[in-house]
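What follows is a set of notes on a single structure, which appears directly below.
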Amino acid sequence: MTTAMYPGSFDPVTRGHLDIIKRASRMFDKLIVAVLINSAKTPLFTVEQRVEMLRECCKDIPNVEVASFDGLTVNFAKAQGATVMVRGLRAVTDFENEMQLAHTNHALLPGIETVFLATSIKWSYLSSTIVKEAAHYRQDVSKFVTPNVEAALLAKQRCGDV
Ligand code: ADP
C-alpha cells in the first residue's frame, strides 16, 4: 500500500490543485492533502478554512484525506507513513524551486520520493495568488475555483479582506 502526500498552502485550493489531487488519487492507494500551517506567506484563509474547503472539494474521492501540519513536510510525511511526495509543475518557473525542495526532502528523509505531475495545460497559468488578485478586482472566479471556494472569496470581498 502506497501513501502519497500532496503538500501546499492551498490558500485557497484552485481547480489546478484539484486536477492534481484527482490524478494523484488514481495513482496511489491513499493521498493525504497536507495544508502547511507555518507558511512564510501571510495567508488569506486560516488553516481551518483551507482544510474545510479542501475537504468539501474532495468529499467524493474516497482515498483522499485532508490534514494540516506545522514544521517540516518530511517529518509529517514520515509520521503519516507517506513515502511519496506529489507536486505539480506548471512551467519552467516552478522547476528550480521544486527541484531544490525535492532534493532537500530526499536528503532529509532518504525513503521519500517526489513525483511531479505536469499540470494540465488548461490550468497551467493558474495559482492561488492569481485567484486572490482576480477576487480583489471583483472578477468572476468561478472558472478557477469550486462554488464553495468562490463563496468563501465573496465573503472575504464583503469584509474587504481581499
Ligand atoms: P506552495 O505554497 O507550497 O507552492 P501551493 O498551494 O501554491 O503551495 O501549491 C501546492 C502544489 O500545487 C505545488 O506543487 C504547486 O506547483 C502545485 N500547483 C499550484 N497551482 C497549480 C495548478 N494551477 N495546477 C497544478 N498544480 C498546481
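Each chain of the C-alpha cells is named A, B, ... in the order shown, its residues numbered from 1; ligands are numbered from 1 in display order.
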Looking only at the backbone, which of the residues in chain A does DSSP tag as strand (DSSP E or B), as a ChimeraX atom specification?
/A:3-8,30-36,64-69,84-89,113-118
Write a file of the selected residues as a PDB file, in the first residue's frame, keeping N, CA and C atoms.
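Generated file (out-v7.pdb):
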ATOM      1  N   THR A   3       1.190   5.260   0.344  1.00  0.00           N
ATOM      2  CA  THR A   3       0.550   6.512   0.748  1.00  0.00           C
ATOM      3  C   THR A   3       1.374   7.668   0.196  1.00  0.00           C
ATOM      4  N   ALA A   4       0.698   8.582  -0.471  1.00  0.00           N
ATOM      5  CA  ALA A   4       1.372   9.762  -1.016  1.00  0.00           C
ATOM      6  C   ALA A   4       0.852  10.997  -0.304  1.00  0.00           C
ATOM      7  N   MET A   5       1.693  12.018  -0.306  1.00  0.00           N
ATOM      8  CA  MET A   5       1.290  13.272   0.330  1.00  0.00           C
ATOM      9  C   MET A   5       1.389  14.403  -0.699  1.00  0.00           C
ATOM     10  N   TYR A   6       0.384  15.256  -0.713  1.00  0.00           N
ATOM     11  CA  TYR A   6       0.411  16.427  -1.606  1.00  0.00           C
ATOM     12  C   TYR A   6       0.408  17.662  -0.708  1.00  0.00           C
ATOM     13  N   PRO A   7       1.586  18.206  -0.432  1.00  0.00           N
ATOM     14  CA  PRO A   7       1.650  19.347   0.480  1.00  0.00           C
ATOM     15  C   PRO A   7       1.544  20.685  -0.248  1.00  0.00           C
ATOM     16  N   GLY A   8       1.045  21.681   0.455  1.00  0.00           N
ATOM     17  CA  GLY A   8       0.981  23.014  -0.137  1.00  0.00           C
ATOM     18  C   GLY A   8       0.282  23.981   0.789  1.00  0.00           C
ATOM     19  N   LYS A  30      -3.512   5.759  -1.144  1.00  0.00           N
ATOM     20  CA  LYS A  30      -4.056   6.817  -0.282  1.00  0.00           C
ATOM     21  C   LYS A  30      -3.308   8.115  -0.578  1.00  0.00           C
ATOM     22  N   LEU A  31      -4.040   9.210  -0.599  1.00  0.00           N
ATOM     23  CA  LEU A  31      -3.412  10.510  -0.822  1.00  0.00           C
ATOM     24  C   LEU A  31      -3.791  11.433   0.336  1.00  0.00           C
ATOM     25  N   ILE A  32      -2.770  11.956   0.994  1.00  0.00           N
ATOM     26  CA  ILE A  32      -3.024  12.914   2.071  1.00  0.00           C
ATOM     27  C   ILE A  32      -2.714  14.311   1.530  1.00  0.00           C
ATOM     28  N   VAL A  33      -3.725  15.141   1.471  1.00  0.00           N
ATOM     29  CA  VAL A  33      -3.505  16.534   1.068  1.00  0.00           C
ATOM     30  C   VAL A  33      -3.144  17.279   2.350  1.00  0.00           C
ATOM     31  N   ALA A  34      -1.931  17.810   2.392  1.00  0.00           N
ATOM     32  CA  ALA A  34      -1.406  18.361   3.644  1.00  0.00           C
ATOM     33  C   ALA A  34      -1.275  19.880   3.550  1.00  0.00           C
ATOM     34  N   VAL A  35      -2.018  20.555   4.393  1.00  0.00           N
ATOM     35  CA  VAL A  35      -2.028  22.022   4.379  1.00  0.00           C
ATOM     36  C   VAL A  35      -0.997  22.549   5.365  1.00  0.00           C
ATOM     37  N   LEU A  36      -0.084  23.320   4.824  1.00  0.00           N
ATOM     38  CA  LEU A  36       1.011  23.866   5.630  1.00  0.00           C
ATOM     39  C   LEU A  36       0.523  25.012   6.519  1.00  0.00           C
ATOM     40  N   VAL A  64      -8.821  10.042  -0.499  1.00  0.00           N
ATOM     41  CA  VAL A  64      -8.152  11.318  -0.201  1.00  0.00           C
ATOM     42  C   VAL A  64      -8.502  11.791   1.209  1.00  0.00           C
ATOM     43  N   GLU A  65      -7.459  12.123   1.960  1.00  0.00           N
ATOM     44  CA  GLU A  65      -7.641  12.694   3.301  1.00  0.00           C
ATOM     45  C   GLU A  65      -7.039  14.083   3.313  1.00  0.00           C
ATOM     46  N   VAL A  66      -7.604  14.965   4.110  1.00  0.00           N
ATOM     47  CA  VAL A  66      -7.041  16.316   4.213  1.00  0.00           C
ATOM     48  C   VAL A  66      -6.582  16.528   5.649  1.00  0.00           C
ATOM     49  N   ALA A  67      -5.362  17.024   5.808  1.00  0.00           N
ATOM     50  CA  ALA A  67      -4.820  17.261   7.151  1.00  0.00           C
ATOM     51  C   ALA A  67      -4.002  18.540   7.120  1.00  0.00           C
ATOM     52  N   SER A  68      -3.693  19.061   8.290  1.00  0.00           N
ATOM     53  CA  SER A  68      -2.802  20.230   8.325  1.00  0.00           C
ATOM     54  C   SER A  68      -1.576  19.863   9.145  1.00  0.00           C
ATOM     55  N   PHE A  69      -0.507  20.581   8.899  1.00  0.00           N
ATOM     56  CA  PHE A  69       0.719  20.289   9.638  1.00  0.00           C
ATOM     57  C   PHE A  69       1.563  21.533   9.806  1.00  0.00           C
ATOM     58  N   VAL A  84       5.741   8.949  -0.724  1.00  0.00           N
ATOM     59  CA  VAL A  84       5.786   9.724  -1.973  1.00  0.00           C
ATOM     60  C   VAL A  84       5.268  11.125  -1.712  1.00  0.00           C
ATOM     61  N   MET A  85       5.959  12.079  -2.287  1.00  0.00           N
ATOM     62  CA  MET A  85       5.539  13.473  -2.207  1.00  0.00           C
ATOM     63  C   MET A  85       5.061  13.846  -3.617  1.00  0.00           C
ATOM     64  N   VAL A  86       3.865  14.375  -3.734  1.00  0.00           N
ATOM     65  CA  VAL A  86       3.338  14.765  -5.050  1.00  0.00           C
ATOM     66  C   VAL A  86       3.437  16.273  -5.173  1.00  0.00           C
ATOM     67  N   ARG A  87       3.928  16.747  -6.306  1.00  0.00           N
ATOM     68  CA  ARG A  87       3.940  18.189  -6.570  1.00  0.00           C
ATOM     69  C   ARG A  87       3.516  18.422  -8.015  1.00  0.00           C
ATOM     70  N   GLY A  88       2.915  19.555  -8.246  1.00  0.00           N
ATOM     71  CA  GLY A  88       2.507  19.904  -9.604  1.00  0.00           C
ATOM     72  C   GLY A  88       3.535  20.839 -10.223  1.00  0.00           C
ATOM     73  N   LEU A  89       3.841  20.602 -11.490  1.00  0.00           N
ATOM     74  CA  LEU A  89       4.760  21.510 -12.194  1.00  0.00           C
ATOM     75  C   LEU A  89       3.985  22.246 -13.263  1.00  0.00           C
ATOM     76  N   GLU A 113      10.243   9.775  -2.032  1.00  0.00           N
ATOM     77  CA  GLU A 113      10.426  10.089  -3.450  1.00  0.00           C
ATOM     78  C   GLU A 113       9.431  11.169  -3.840  1.00  0.00           C
ATOM     79  N   THR A 114       9.890  12.112  -4.651  1.00  0.00           N
ATOM     80  CA  THR A 114       8.976  13.156  -5.134  1.00  0.00           C
ATOM     81  C   THR A 114       8.509  12.806  -6.537  1.00  0.00           C
ATOM     82  N   VAL A 115       7.229  12.864  -6.753  1.00  0.00           N
ATOM     83  CA  VAL A 115       6.661  12.621  -8.076  1.00  0.00           C
ATOM     84  C   VAL A 115       6.059  13.931  -8.562  1.00  0.00           C
ATOM     85  N   PHE A 116       6.511  14.369  -9.740  1.00  0.00           N
ATOM     86  CA  PHE A 116       5.970  15.605 -10.312  1.00  0.00           C
ATOM     87  C   PHE A 116       4.900  15.269 -11.335  1.00  0.00           C
ATOM     88  N   LEU A 117       3.778  15.922 -11.216  1.00  0.00           N
ATOM     89  CA  LEU A 117       2.748  15.772 -12.246  1.00  0.00           C
ATOM     90  C   LEU A 117       2.722  17.054 -13.062  1.00  0.00           C
ATOM     91  N   ALA A 118       2.779  16.875 -14.383  1.00  0.00           N
ATOM     92  CA  ALA A 118       2.712  18.046 -15.252  1.00  0.00           C
ATOM     93  C   ALA A 118       1.282  18.576 -15.200  1.00  0.00           C
TER      94      ALA A 118
END
If you count only C-alpha atoms and all ligand atoms, which residues end up within 6 Å of ligand 1, as number ranges by chain?
A: 8-10, 16-17, 20, 87-90, 119, 123-124, 126-127
Expected answer as a PyMOL selection string: helix (DSSP H, G or I) residues in stretch 21-114 of chain A:
chain A and resi 21-27+47-57+73-80+92-108
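When only C-alpha atoms are used to compute distances to A:Val92, the closest of the residues A:Met1, A:Gln157, A:Tyr125, A:Lys22 turns out to be A:Tyr125.
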If you measure from atom CA of A:Leu101 to atom CA of A:Ile61, what distance in Å do you get, rounded to one decimal?
27.4 Å
A:Ala107 proximity check over A:Ile121, A:Leu54, A:Val149, A:Val74, using only C-alpha atoms: winner is A:Val74
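Take the candidates A:Asp140, A:Glu96, A:Lys156, A:Thr2 and check each one against A:Thr46 using only C-alpha atoms; the shortest distance goes to A:Lys156.
Residue nearest A:Gln49, chosen from A:Gly71, A:Gly81, A:Pro147, A:Pro12 and counting only C-alpha atoms: A:Pro12.
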Distance criterion (only C-alpha atoms): nearest to A:Leu153 out of A:Val141, A:Leu72, A:Leu18, A:Ala77:
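Result for the nearest residue to A:Leu153: A:Val141.
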Atom pair atom CA of A:Ala151 / atom CA of A:Ile21: separation (Å):
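Those two atoms sit 21.2 Å apart.
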What is the atom CA of A:Cys58 to atom CA of A:Ala134 distance in Å?
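Separation between atom CA of A:Cys58 and atom CA of A:Ala134: 23.7 Å.
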Using only C-alpha atoms, which residues sit within 7 Å of A:Thr146 once same-chain residues fewer than 4 positions away are excluded, as a VMD selection string?
chain A and resid 15 142 150
Output all heavy atoms of each residue in that selection to a file, as a PDB file, in the first residue's frame.
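What ended up in result_7.pdb:
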ATOM      1  N   ARG A  15      -8.851  24.972  -9.066  1.00  0.00           N
ATOM      2  CA  ARG A  15      -9.167  23.831  -9.935  1.00  0.00           C
ATOM      3  C   ARG A  15      -7.876  23.161 -10.427  1.00  0.00           C
ATOM      4  O   ARG A  15      -7.892  21.977 -10.781  1.00  0.00           O
ATOM      5  CB  ARG A  15     -10.040  24.278 -11.111  1.00  0.00           C
ATOM      6  CG  ARG A  15     -11.448  24.700 -10.681  1.00  0.00           C
ATOM      7  CD  ARG A  15     -12.340  24.927 -11.897  1.00  0.00           C
ATOM      8  NE  ARG A  15     -13.626  25.520 -11.541  1.00  0.00           N
ATOM      9  CZ  ARG A  15     -14.691  24.821 -11.134  1.00  0.00           C
ATOM     10  NH1 ARG A  15     -14.622  23.513 -11.021  1.00  0.00           N
ATOM     11  NH2 ARG A  15     -15.820  25.447 -10.836  1.00  0.00           N
ATOM     12  N   SER A 142     -15.329  31.921 -10.860  1.00  0.00           N
ATOM     13  CA  SER A 142     -15.932  30.579 -10.909  1.00  0.00           C
ATOM     14  C   SER A 142     -15.212  29.636 -11.869  1.00  0.00           C
ATOM     15  O   SER A 142     -15.330  28.431 -11.756  1.00  0.00           O
ATOM     16  CB  SER A 142     -17.410  30.687 -11.273  1.00  0.00           C
ATOM     17  OG  SER A 142     -17.548  31.307 -12.527  1.00  0.00           O
ATOM     18  N   GLU A 150     -15.493  29.835  -4.135  1.00  0.00           N
ATOM     19  CA  GLU A 150     -15.966  31.123  -4.661  1.00  0.00           C
ATOM     20  C   GLU A 150     -16.772  31.855  -3.581  1.00  0.00           C
ATOM     21  O   GLU A 150     -16.579  33.065  -3.363  1.00  0.00           O
ATOM     22  CB  GLU A 150     -16.822  30.892  -5.910  1.00  0.00           C
ATOM     23  CG  GLU A 150     -17.218  32.197  -6.566  1.00  0.00           C
ATOM     24  CD  GLU A 150     -18.222  32.019  -7.703  1.00  0.00           C
ATOM     25  OE1 GLU A 150     -18.736  30.901  -7.895  1.00  0.00           O
ATOM     26  OE2 GLU A 150     -18.497  33.026  -8.374  1.00  0.00           O
TER      27      GLU A 150
END
